[in-house]
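Q: What follows is target-v4.tsv; its format and atoms are TSV, C-alpha atoms and all ligand atoms.
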chain	number	residue	atom	x	y	z
A	1	MET	CA	92.79	101.51	119.86
A	2	LYS	CA	93.55	105.05	118.74
A	3	LEU	CA	93.09	104.24	115.08
A	4	ARG	CA	89.72	102.75	115.75
A	5	TYR	CA	88.45	106.03	117.10
A	6	LEU	CA	90.00	107.80	114.19
A	7	ILE	CA	87.89	105.70	111.87
A	8	ILE	CA	84.77	106.55	113.80
A	9	LEU	CA	85.70	110.22	113.69
A	10	LEU	CA	86.32	109.93	110.00
A	11	THR	CA	82.92	108.43	109.47
A	12	LEU	CA	81.39	111.33	111.32
A	13	ALA	CA	83.49	113.81	109.42
A	14	LEU	CA	82.52	112.33	106.10
A	15	LEU	CA	78.85	112.18	106.76
A	16	ALA	CA	78.42	115.60	108.30
A	17	PRO	CA	77.70	117.91	105.37
A	18	GLU	CA	79.07	120.85	107.33
A	19	GLY	CA	82.34	119.08	107.79
A	20	MET	CA	83.04	118.90	104.12
A	21	GLY	CA	84.21	122.50	103.84
A	22	GLN	CA	85.57	123.04	100.37
A	23	THR	CA	85.55	119.34	99.59
A	24	PRO	CA	83.72	118.48	96.39
A	25	VAL	CA	82.89	114.87	97.20
A	26	LYS	CA	80.16	113.71	99.54
A	27	LEU	CA	80.07	110.01	100.29
A	28	LYS	CA	76.73	108.28	100.37
A	29	GLN	CA	75.59	106.20	103.29
A	30	LYS	CA	76.31	102.96	101.46
A	31	GLU	CA	79.89	103.99	100.75
A	32	SER	CA	80.42	104.74	104.39
A	33	GLU	CA	80.36	101.00	105.00
A	34	ILE	CA	83.61	100.68	103.12
A	35	ILE	CA	85.53	102.27	105.95
A	36	ILE	CA	84.30	99.81	108.54
A	37	PRO	CA	87.27	97.58	109.27
A	38	ARG	CA	87.14	94.02	108.12
A	39	LEU	CA	86.62	91.06	110.37
A	40	THR	CA	89.76	89.09	111.05
A	41	LYS	CA	88.07	85.87	110.09
A	42	GLU	CA	88.82	87.04	106.59
A	43	SER	CA	92.60	87.21	106.63
A	44	VAL	CA	94.07	90.48	105.54
A	45	LYS	CA	95.44	90.26	102.04
A	46	SER	CA	98.76	91.74	101.15
A	47	LEU	CA	98.25	95.06	99.39
A	48	ARG	CA	100.59	96.68	97.00
A	49	GLY	CA	100.52	99.64	94.68
A	50	VAL	CA	97.81	102.17	93.99
A	51	PRO	CA	94.83	101.77	91.68
A	52	GLY	CA	95.95	104.10	88.91
A	53	ASN	CA	96.87	107.75	88.86
A	54	VAL	CA	95.96	110.10	91.63
A	55	LEU	CA	93.28	112.57	90.57
A	56	ASP	CA	92.95	114.65	93.72
A	57	THR	CA	93.46	114.69	97.46
A	58	ILE	CA	90.78	115.89	99.83
A	59	ASP	CA	91.16	116.98	103.42
A	60	THR	CA	89.02	115.43	106.13
A	61	GLN	CA	88.18	116.88	109.52
A	62	THR	CA	90.76	114.61	111.09
A	63	PRO	CA	94.14	116.34	110.99
A	64	GLY	CA	96.67	114.48	108.91
A	65	VAL	CA	94.12	112.25	107.20
A	66	GLN	CA	93.23	112.81	103.58
A	67	ILE	CA	91.19	111.04	100.97
A	68	ILE	CA	93.00	110.24	97.74
A	69	LEU	CA	90.87	110.02	94.63
A	70	PHE	CA	92.13	107.87	91.77
A	71	GLU	CA	91.42	108.16	88.08
A	72	ASN	CA	89.43	104.96	88.11
A	73	LYS	CA	87.03	106.60	90.59
A	74	THR	CA	88.17	104.57	93.57
A	75	TRP	CA	89.44	106.26	96.69
A	76	LYS	CA	91.37	105.47	99.80
A	77	TYR	CA	92.36	107.09	103.04
A	78	TYR	CA	95.82	108.44	103.30
A	79	ARG	CA	97.60	109.36	106.45
A	80	ASP	CA	99.99	112.25	106.03
A	81	PRO	CA	103.37	110.82	107.13
A	82	SER	CA	104.55	114.16	108.50
A	83	HIS	CA	101.62	113.96	110.88
A	84	ALA	CA	101.93	110.28	111.74
A	85	SER	CA	105.67	110.50	112.25
A	86	LYS	CA	105.17	112.98	115.11
A	87	SER	CA	103.84	110.15	117.26
A	88	ASP	CA	105.67	109.57	120.54
A	89	VAL	CA	106.41	106.03	119.38
A	90	PHE	CA	109.12	107.53	117.19
A	91	LYS	CA	110.70	109.47	120.05
A	92	ASP	CA	110.78	106.80	122.74
A	93	CYS	CA	114.17	105.00	122.78
A	94	TRP	CA	114.95	106.23	119.27
A	95	ASP	CA	118.44	105.16	118.29
A	96	THR	CA	119.74	104.89	114.74
A	97	ASP	CA	122.48	102.37	115.64
A	98	ALA	CA	121.28	100.00	118.31
A	99	ILE	CA	119.63	96.72	117.42
A	100	ASP	CA	117.73	96.89	120.72
A	101	PRO	CA	117.42	100.48	121.93
A	102	TYR	CA	114.82	99.60	124.58
A	103	HIS	CA	116.56	97.41	127.18
A	104	THR	CA	113.10	96.60	128.47
A	105	VAL	CA	112.89	94.29	131.46
A	106	MET	CA	110.77	91.28	130.51
A	107	ASP	CA	108.95	91.38	133.86
A	108	SER	CA	107.65	94.86	133.09
A	109	LEU	CA	105.68	93.58	130.08
A	110	PRO	CA	102.07	92.43	130.38
A	111	ASP	CA	101.20	88.80	129.61
A	112	ARG	CA	99.20	89.81	126.56
A	113	ILE	CA	99.80	92.78	124.35
A	114	SER	CA	97.03	93.70	121.90
A	115	ILE	CA	98.39	95.32	118.77
A	116	TRP	CA	96.39	96.63	115.82
A	117	VAL	CA	98.44	95.69	112.82
A	118	ALA	CA	96.21	96.67	109.91
A	119	ASP	CA	93.08	98.66	109.28
A	120	THR	CA	91.64	101.28	106.97
A	121	LEU	CA	94.50	103.67	107.59
A	122	SER	CA	97.39	101.29	107.88
A	123	GLN	CA	97.84	98.58	105.35
A	124	TYR	CA	100.01	95.54	105.11
A	125	ASN	CA	102.36	94.10	102.53
A	126	CYS	CA	103.79	90.61	102.78
A	127	PRO	CA	107.58	91.13	102.69
A	128	ARG	CA	107.90	87.98	100.61
A	129	GLN	CA	105.25	85.39	99.85
A	130	ILE	CA	107.05	82.09	99.95
A	131	ARG	CA	107.48	79.02	102.13
A	132	VAL	CA	109.78	79.83	105.07
A	133	TYR	CA	113.19	78.38	104.31
A	134	SER	CA	114.68	78.59	107.77
A	135	LYS	CA	112.46	79.04	110.79
A	136	PHE	CA	112.64	81.04	113.99
A	137	GLY	CA	114.40	79.26	116.86
A	138	MET	CA	117.74	77.82	117.92
A	139	ARG	CA	119.93	76.85	114.98
A	140	HIS	CA	123.38	75.29	115.44
A	141	ARG	CA	123.42	76.67	119.01
A	142	ARG	CA	122.76	80.13	117.63
A	143	ARG	CA	119.63	82.10	118.20
A	144	HIS	CA	117.85	82.53	114.87
A	145	GLN	CA	115.56	85.39	115.73
A	146	GLY	CA	113.65	85.65	112.46
A	147	VAL	CA	112.59	83.73	109.39
A	148	ASP	CA	114.60	83.26	106.20
A	149	LEU	CA	112.70	83.88	103.00
A	150	PRO	CA	114.49	82.98	99.76
A	151	LEU	CA	114.68	85.64	97.07
A	152	LYS	CA	116.92	86.58	94.17
A	153	LYS	CA	119.72	89.08	94.49
A	154	GLY	CA	118.50	92.49	93.42
A	155	GLU	CA	114.82	91.74	93.98
A	156	PRO	CA	113.03	94.68	95.63
A	157	VAL	CA	112.07	94.25	99.27
A	158	GLY	CA	109.05	96.19	100.54
A	159	ALA	CA	108.17	97.28	104.07
A	160	ALA	CA	105.56	95.09	105.76
A	161	PHE	CA	103.71	98.04	107.32
A	162	SER	CA	104.01	101.78	107.22
A	163	GLY	CA	106.46	103.34	109.62
A	164	LYS	CA	109.67	105.23	110.15
A	165	VAL	CA	113.09	103.84	109.32
A	166	ARG	CA	115.11	103.68	112.53
A	167	VAL	CA	118.25	101.89	111.33
A	168	SER	CA	119.84	101.55	107.91
A	169	LYS	CA	123.34	100.25	108.38
A	170	PHE	CA	125.80	97.44	107.72
A	171	TYR	CA	126.35	94.94	110.54
A	172	LYS	CA	128.74	92.01	110.55
A	173	GLY	CA	126.08	89.37	111.06
A	174	TYR	CA	123.00	91.02	109.54
A	175	GLY	CA	124.87	92.51	106.58
A	176	ASN	CA	122.91	95.43	105.19
A	177	LEU	CA	120.10	95.85	107.67
A	178	VAL	CA	117.02	98.06	107.66
A	179	ILE	CA	114.86	98.36	110.77
A	180	VAL	CA	111.45	100.02	110.47
A	181	ARG	CA	109.49	101.07	113.54
A	182	HIS	CA	105.71	101.07	113.18
A	183	GLU	CA	103.14	103.24	114.91
A	184	ASN	CA	101.84	100.31	116.92
A	185	GLY	CA	105.28	99.88	118.48
A	186	LEU	CA	106.35	96.81	116.52
A	187	GLU	CA	109.65	96.84	114.67
A	188	THR	CA	110.43	94.83	111.53
A	189	PHE	CA	113.97	93.90	110.45
A	190	TYR	CA	115.13	93.26	106.87
A	191	ALA	CA	118.63	91.79	106.68
A	192	HIS	CA	121.29	90.59	104.20
A	193	LEU	CA	120.17	93.22	101.65
A	194	SER	CA	122.50	93.88	98.70
A	195	GLU	CA	121.43	97.51	98.82
A	196	ARG	CA	119.64	99.75	101.30
A	197	SER	CA	117.28	102.33	99.71
A	198	VAL	CA	116.28	104.23	102.85
A	199	SER	CA	117.87	106.31	105.61
A	200	PRO	CA	117.00	106.68	109.29
A	201	GLY	CA	114.07	109.06	109.68
A	202	ASP	CA	112.55	108.20	106.28
A	203	TRP	CA	108.86	107.37	106.26
A	204	VAL	CA	107.79	104.26	104.36
A	205	ASP	CA	104.32	102.98	103.55
A	206	ALA	CA	103.49	99.29	103.43
A	207	GLY	CA	105.05	97.93	100.24
A	208	ASP	CA	107.51	100.80	99.74
A	209	ARG	CA	110.95	99.58	98.77
A	210	ILE	CA	113.43	99.60	101.61
A	211	GLY	CA	116.21	97.81	99.74
A	212	LEU	CA	117.19	95.00	97.39
A	213	GLY	CA	117.57	91.32	98.18
A	214	GLY	CA	121.06	90.00	98.71
A	215	SER	CA	123.42	87.86	100.72
A	216	THR	CA	125.51	90.34	102.72
A	217	GLY	CA	126.70	89.54	106.25
A	218	ARG	CA	126.55	86.05	107.71
A	219	SER	CA	124.64	84.45	104.85
A	220	THR	CA	125.16	81.51	102.55
A	221	GLY	CA	122.98	82.64	99.68
A	222	PRO	CA	120.48	85.36	98.74
A	223	HIS	CA	117.60	85.47	101.17
A	224	LEU	CA	115.67	87.94	103.25
A	225	HIS	CA	116.12	87.50	106.97
A	226	PHE	CA	112.96	89.02	108.42
A	227	GLU	CA	112.39	89.73	112.10
A	228	THR	CA	109.48	91.08	114.11
A	229	ARG	CA	110.22	92.60	117.49
A	230	TYR	CA	108.39	94.22	120.35
A	231	ARG	CA	110.34	96.38	122.83
A	232	GLY	CA	113.51	94.76	121.52
A	233	TYR	CA	112.28	91.19	121.97
A	234	ALA	CA	112.03	89.08	118.83
A	235	PHE	CA	109.06	86.78	118.29
A	236	ASP	CA	108.41	84.30	115.51
A	237	PRO	CA	107.03	86.37	112.59
A	238	GLN	CA	104.86	83.40	111.72
A	239	TRP	CA	102.62	84.25	114.68
A	240	LEU	CA	101.71	87.31	112.66
A	241	ILE	CA	102.11	86.38	109.01
A	242	ASP	CA	101.32	83.27	107.03
A	243	PHE	CA	104.18	83.56	104.54
A	244	GLU	CA	102.88	80.77	102.32
A	245	THR	CA	99.61	82.57	101.57
A	246	GLY	CA	101.08	86.02	102.19
A	247	GLU	CA	98.26	86.88	104.55
A	248	LEU	CA	98.22	88.52	107.94
A	249	ARG	CA	96.79	86.12	110.47
A	250	HIS	CA	95.06	88.83	112.52
A	251	ARG	CA	94.21	92.49	112.25
A	252	LEU	CA	94.22	92.63	116.02
A	253	PHE	CA	97.32	90.71	116.97
A	254	VAL	CA	97.46	89.45	120.52
A	255	LEU	CA	101.12	89.07	121.30
A	256	LYS	CA	101.72	86.86	124.29
A	257	LYS	CA	104.70	87.51	126.52
A	258	LYS	CA	105.66	83.84	126.31
A	259	HIS	CA	106.13	84.30	122.54
A	260	LEU	CA	108.93	86.80	123.16
A	261	SER	CA	111.37	83.92	123.48
A	262	ILE	CA	113.62	82.03	121.12
A	263	ALA	CA	111.95	78.83	122.38
A	264	SER	CA	108.49	79.94	121.28
A	265	LYS	CA	108.17	78.73	117.71
A	266	TYR	CA	104.93	79.29	115.89
A	267	VAL	CA	102.38	76.55	116.36
A	268	PRO	CA	98.83	76.91	115.09
A	269	GLU	CA	96.76	78.19	117.98
A	270	SER	CA	94.27	75.92	119.68
A	271	GLU	CA	90.68	76.32	118.60
A	272	GLU	CA	89.89	77.78	121.99
A	273	GLU	CA	92.59	80.42	121.69
A	274	GLU	CA	91.57	81.24	118.13
A	275	ASP	CA	87.97	81.71	119.27
A	276	GLU	CA	89.10	83.98	122.07
A	277	ILE	CA	91.10	86.16	119.69
A	278	HIS	CA	88.26	86.32	117.21
A	279	ALA	CA	85.80	87.22	119.96
A	280	ALA	CA	87.96	90.16	121.05
A	281	ASP	CA	88.37	91.26	117.47
A	282	SER	CA	84.68	90.88	116.68
A	283	ALA	CA	83.77	92.97	119.73
A	284	ALA	CA	86.01	95.79	118.50
A	285	TYR	CA	84.55	95.40	115.04
A	286	ASP	CA	80.98	95.51	116.34
A	287	ALA	CA	81.70	98.69	118.30
A	288	ALA	CA	83.17	100.35	115.21
A	289	ALA	CA	80.30	99.12	113.04
A	290	LYS	CA	77.73	100.40	115.53
A	291	ALA	CA	79.36	103.83	115.66
A	292	ALA	CA	79.58	103.91	111.88
A	293	ALA	CA	75.92	102.93	111.53
A	294	GLU	CA	74.91	105.62	114.01
A	295	ALA	CA	77.01	108.15	112.15
A	296	ALA	CA	75.49	107.02	108.85
A	297	ALA	CA	72.01	107.64	110.25
A	298	ALA	CA	72.94	111.13	111.43
A	299	ARG	CA	71.17	114.10	109.92
A	300	TYR	CA	72.26	117.70	110.21
A	301	TYR	CA	70.41	120.93	109.90
A	302	LYS	CA	71.75	124.41	109.31
A	303	VAL	CA	70.13	127.04	111.52
A	304	LYS	CA	68.24	129.71	109.58
A	305	SER	CA	66.99	133.14	110.59
A	306	GLY	CA	63.99	132.88	112.91
A	307	ASP	CA	64.72	129.30	113.95
A	308	ASN	CA	64.54	128.04	117.50
A	309	LEU	CA	65.08	124.54	118.86
A	310	GLY	CA	61.36	123.87	119.26
A	311	LYS	CA	60.72	124.79	115.65
A	312	ILE	CA	63.64	122.71	114.40
A	313	ALA	CA	62.53	119.72	116.51
A	314	ARG	CA	58.96	119.87	115.13
A	315	LYS	CA	60.27	120.18	111.59
A	316	HIS	CA	62.27	116.96	111.98
A	317	GLY	CA	59.73	115.02	113.98
A	318	THR	CA	61.86	114.95	117.10
A	319	THR	CA	62.08	116.69	120.48
A	320	VAL	CA	64.26	119.45	121.89
A	321	GLY	CA	65.61	117.00	124.47
A	322	ALA	CA	66.61	114.48	121.81
A	323	ILE	CA	68.42	117.15	119.80
A	324	CYS	CA	70.30	118.33	122.90
A	325	ARG	CA	71.44	114.78	123.62
A	326	LEU	CA	72.86	114.50	120.09
A	327	ASN	CA	74.77	117.78	120.35
A	328	PRO	CA	77.14	117.93	123.29
A	329	GLY	CA	77.01	121.36	124.91
A	330	LEU	CA	73.69	122.29	123.41
A	331	THR	CA	70.86	123.10	125.85
A	332	ALA	CA	67.30	124.33	125.43
A	333	ASN	CA	68.54	127.82	126.38
A	334	THR	CA	71.44	127.99	123.92
A	335	THR	CA	71.19	130.91	121.53
A	336	LEU	CA	71.33	129.45	118.06
A	337	LYS	CA	73.66	131.19	115.66
A	338	ILE	CA	72.47	131.41	112.11
A	339	GLY	CA	74.43	129.02	109.94
A	340	ARG	CA	75.33	126.70	112.82
A	341	SER	CA	75.01	123.06	111.94
A	342	ILE	CA	73.22	120.94	114.48
A	343	ARG	CA	72.57	117.25	114.48
A	344	VAL	CA	68.84	116.48	114.43
A	345	LYS	CA	68.90	112.67	114.07
A	401	ZN	ZN	117.97	84.34	109.04
If you convert what's in this file into structure tokens, what do you get?
Ligand SMILES: [Zn+2]
A:
Amino acid sequence: MKLRYLIILLTLALLAPEGMGQTPVKLKQKESEIIIPRLTKESVKSLRGVPGNVLDTIDTQTPGVQIILFENKTWKYYRDPSHASKSDVFKDCWDTDAIDPYHTVMDSLPDRISIWVADTLSQYNCPRQIRVYSKFGMRHRRRHQGVDLPLKKGEPVGAAFSGKVRVSKFYKGYGNLVIVRHENGLETFYAHLSERSVSPGDWVDAGDRIGLGGSTGRSTGPHLHFETRYRGYAFDPQWLIDFETGELRHRLFVLKKKHLSIASKYVPESEEEEDEIHAADSAAYDAAAKAAAEAAAARYYKVKSGDNLGKIARKHGTTVGAICRLNPGLTANTTLKIGRSIRVK
């Protein structure tokens, strides 16, 4: 949920003229709608690349978050990796060798784990858009803990989400393996690579190359073995990604404990379950949209010499009480400093 609040904060930061500091760009109310996260009913498309050359980067009031301006006059949020990578997620059970560094007891996990997988600040890239060749589940009495996605040797493999590389190493079975840990706690595995392009500790964004396709390790031909894990437990990646269309099934992914088992193959969810997930997601969306709309309607006023709250209230057709409610810490008796920005609507 942390990212959600970040978006709300960003909206506030962008719309408060005082917050712009030295920034040359002021977004209009209409543009503010762009940063409202999408509903999950529209699946999240795989994103790759940037729309042209970078023209400029602009700081926001949220530490570690910048706006990148492109030559074609589009823009996007950018999270400074050096900031994101300080998250505790990348300290907890951090091991650059172990396949499962967590050793989490299954009983300690809740029945449902809600995970934000994509939003304005964290995008998604389908590791390979193709029909799954070999599915998750038991195979010749062996646990097949991921999906096999055919690809040619030497074809670039991109990270599914942004995150920090935890493992980049050769293993007998996996061959060349890269494991990326994501801020939401998920880990993604990319195995049988002919070449690894990253080292432990490297930050990758969704779509960044982590290696090249291959057939190293226990493999009978070039393919990408892709795993998704939570606290060391693998679950069928198809719960999360529709590999045929390349789309993420949900922005808010509700991982069920029962899916953390080799016996839990992906089956399309019942209509009831789908509705439940969408309801939860829509509620989160509505809350973000409401906050964004409120922020968009906000108006600020810079205190001038001779101003007092009563005067400012009259000027903006509001009351002293209403202004105080909009500005935490502000009371009718507060001495107003000249130049202070206060919210009036
Ligand atoms: Zn496999």
Q: In Å to one decimal, how far is CA of Asp59 in chain A from CA of Val180 in chain A?
A: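 Atom-to-atom, CA of Val180 in chain A to CA of Asp59 in chain A, that is 27.4 Å.
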Q: What would the list of residues within 7 Å of (115.3, 85.4, 102.3) (file frame) look like as an NGL selection string, if only C-alpha atoms are what count?
A: :A and (148-151 or 222-225)
Q: Show which residues sit within 10 Å of Ile312 in chain A, as an NGL selection string. Count only C-alpha atoms, and ignore same-chain residues fewer than 6 positions away.
A: :A and (301-304 or 318-320 or 323 or 342 or 344)
Q: Given only C-alpha atoms, how would the per-residue table for range 88-174 of chain A near range 245-258 of chain A read, listing every residue at most 6 Å away with its closest atom pair and distance in Å to one decimal, sorted by chain and number, as a tab-separated table?
A:
residue	atom	partner	partner_atom	distance
A:Asp111	CA	A:Lys257	CA	4.8
A:Arg112	CA	A:Lys256	CA	4.5
A:Ile113	CA	A:Leu255	CA	5.0
A:Ser114	CA	A:Val254	CA	4.5
A:Ile115	CA	A:Phe253	CA	5.1
A:Trp116	CA	A:Leu252	CA	4.6
A:Val117	CA	A:Arg251	CA	5.3
A:Ala118	CA	A:Arg251	CA	5.2
A:Cys126	CA	A:Gly246	CA	5.4
A:Gln129	CA	A:Gly246	CA	4.8
Q: Please produce an output containing C-alpha atoms for each residue in the selection, written as a PDB file, in the coordinates of the input.
A:
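Okay, this is what ended up in out-v9.pdb:
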ATOM      1  CA  ASP A 111     101.200  88.800 129.610  1.00  0.00           C
ATOM      2  CA  ARG A 112      99.200  89.810 126.560  1.00  0.00           C
ATOM      3  CA  ILE A 113      99.800  92.780 124.350  1.00  0.00           C
ATOM      4  CA  SER A 114      97.030  93.700 121.900  1.00  0.00           C
ATOM      5  CA  ILE A 115      98.390  95.320 118.770  1.00  0.00           C
ATOM      6  CA  TRP A 116      96.390  96.630 115.820  1.00  0.00           C
ATOM      7  CA  VAL A 117      98.440  95.690 112.820  1.00  0.00           C
ATOM      8  CA  ALA A 118      96.210  96.670 109.910  1.00  0.00           C
ATOM      9  CA  CYS A 126     103.790  90.610 102.780  1.00  0.00           C
ATOM     10  CA  GLN A 129     105.250  85.390  99.850  1.00  0.00           C
TER      11      GLN A 129
END
Q: Residues contacting ligand ZN 401 (chain A) - anything with an atom at most 12 Å away, using only C-alpha atoms and all ligand atoms - can you give me those as a count of residues only?
A: 42
Q: One decimal, Å: what's the distance from CA of Lys315 in chain A over to CA of Lys345 in chain A, could you say?
A: 11.7 Å
Q: Padding 4 Å on every side, please: axis-aligned box over the listed atoms of range 139-145 of chain A, centre and edge lengths to one decimal in Å, as AutoDock Vina command-line options.
A:
--center_x 119.5 --center_y 80.3 --center_z 116.9 --size_x 15.9 --size_y 18.1 --size_z 12.1
Q: Grab the CA of Val54 in chain A to CA of His83 in chain A distance for me, in Å with one decimal place.
A: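 Answer for the CA of Val54 in chain A to CA of His83 in chain A separation: 20.4 Å.
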Q: Let me make sure I understand: among A:Gly154, A:Gly163, A:Gly339, A:Pro268, which one has the smallest atom-to-atom distance to Asp205 in chain A if we use all atoms listed in the file?
A: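 Checking each candidate against Asp205 in chain A, we get A:Gly163 as the closest.
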Q: Which residues, protein or nucleic acid, reach to within 10 Å of (113.3, 106.7, 105.1) in the file's coordinates when using all atoms listed in the file, and can you give that as number ranges by chain?
A: A: 163-168, 178, 180, 197-205, 208-210
Q: Dump C-alpha atoms for the selected residues as an mmCIF file, keeping the file's coordinate frame?
A:
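Full text of again.cif as output:
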data_model
loop_
_atom_site.group_PDB
_atom_site.id
_atom_site.type_symbol
_atom_site.label_atom_id
_atom_site.label_comp_id
_atom_site.auth_asym_id
_atom_site.auth_seq_id
_atom_site.Cartn_x
_atom_site.Cartn_y
_atom_site.Cartn_z
ATOM 1 C CA GLY A 163 106.460 103.340 109.620
ATOM 2 C CA LYS A 164 109.670 105.230 110.150
ATOM 3 C CA VAL A 165 113.090 103.840 109.320
ATOM 4 C CA ARG A 166 115.110 103.680 112.530
ATOM 5 C CA VAL A 167 118.250 101.890 111.330
ATOM 6 C CA SER A 168 119.840 101.550 107.910
ATOM 7 C CA VAL A 178 117.020 98.060 107.660
ATOM 8 C CA VAL A 180 111.450 100.020 110.470
ATOM 9 C CA SER A 197 117.280 102.330 99.710
ATOM 10 C CA VAL A 198 116.280 104.230 102.850
ATOM 11 C CA SER A 199 117.870 106.310 105.610
ATOM 12 C CA PRO A 200 117.000 106.680 109.290
ATOM 13 C CA GLY A 201 114.070 109.060 109.680
ATOM 14 C CA ASP A 202 112.550 108.200 106.280
ATOM 15 C CA TRP A 203 108.860 107.370 106.260
ATOM 16 C CA VAL A 204 107.790 104.260 104.360
ATOM 17 C CA ASP A 205 104.320 102.980 103.550
ATOM 18 C CA ASP A 208 107.510 100.800 99.740
ATOM 19 C CA ARG A 209 110.950 99.580 98.770
ATOM 20 C CA ILE A 210 113.430 99.600 101.610
#
Q: With only C-alpha atoms as the basis for distance, which of A:His259, A:Asn308, A:Ala313, A:Phe161 is at the shortest distance from Thr334 in chain A?
A: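 Going through A:His259, A:Asn308, A:Ala313, A:Phe161 one by one, the smallest distance to Thr334 in chain A is for A:Asn308.
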Q: A:His182, A:Arg231, A:Lys152, A:Lys73: which is nearest Ser194 in chain A, counting only C-alpha atoms?
A: A:Lys152
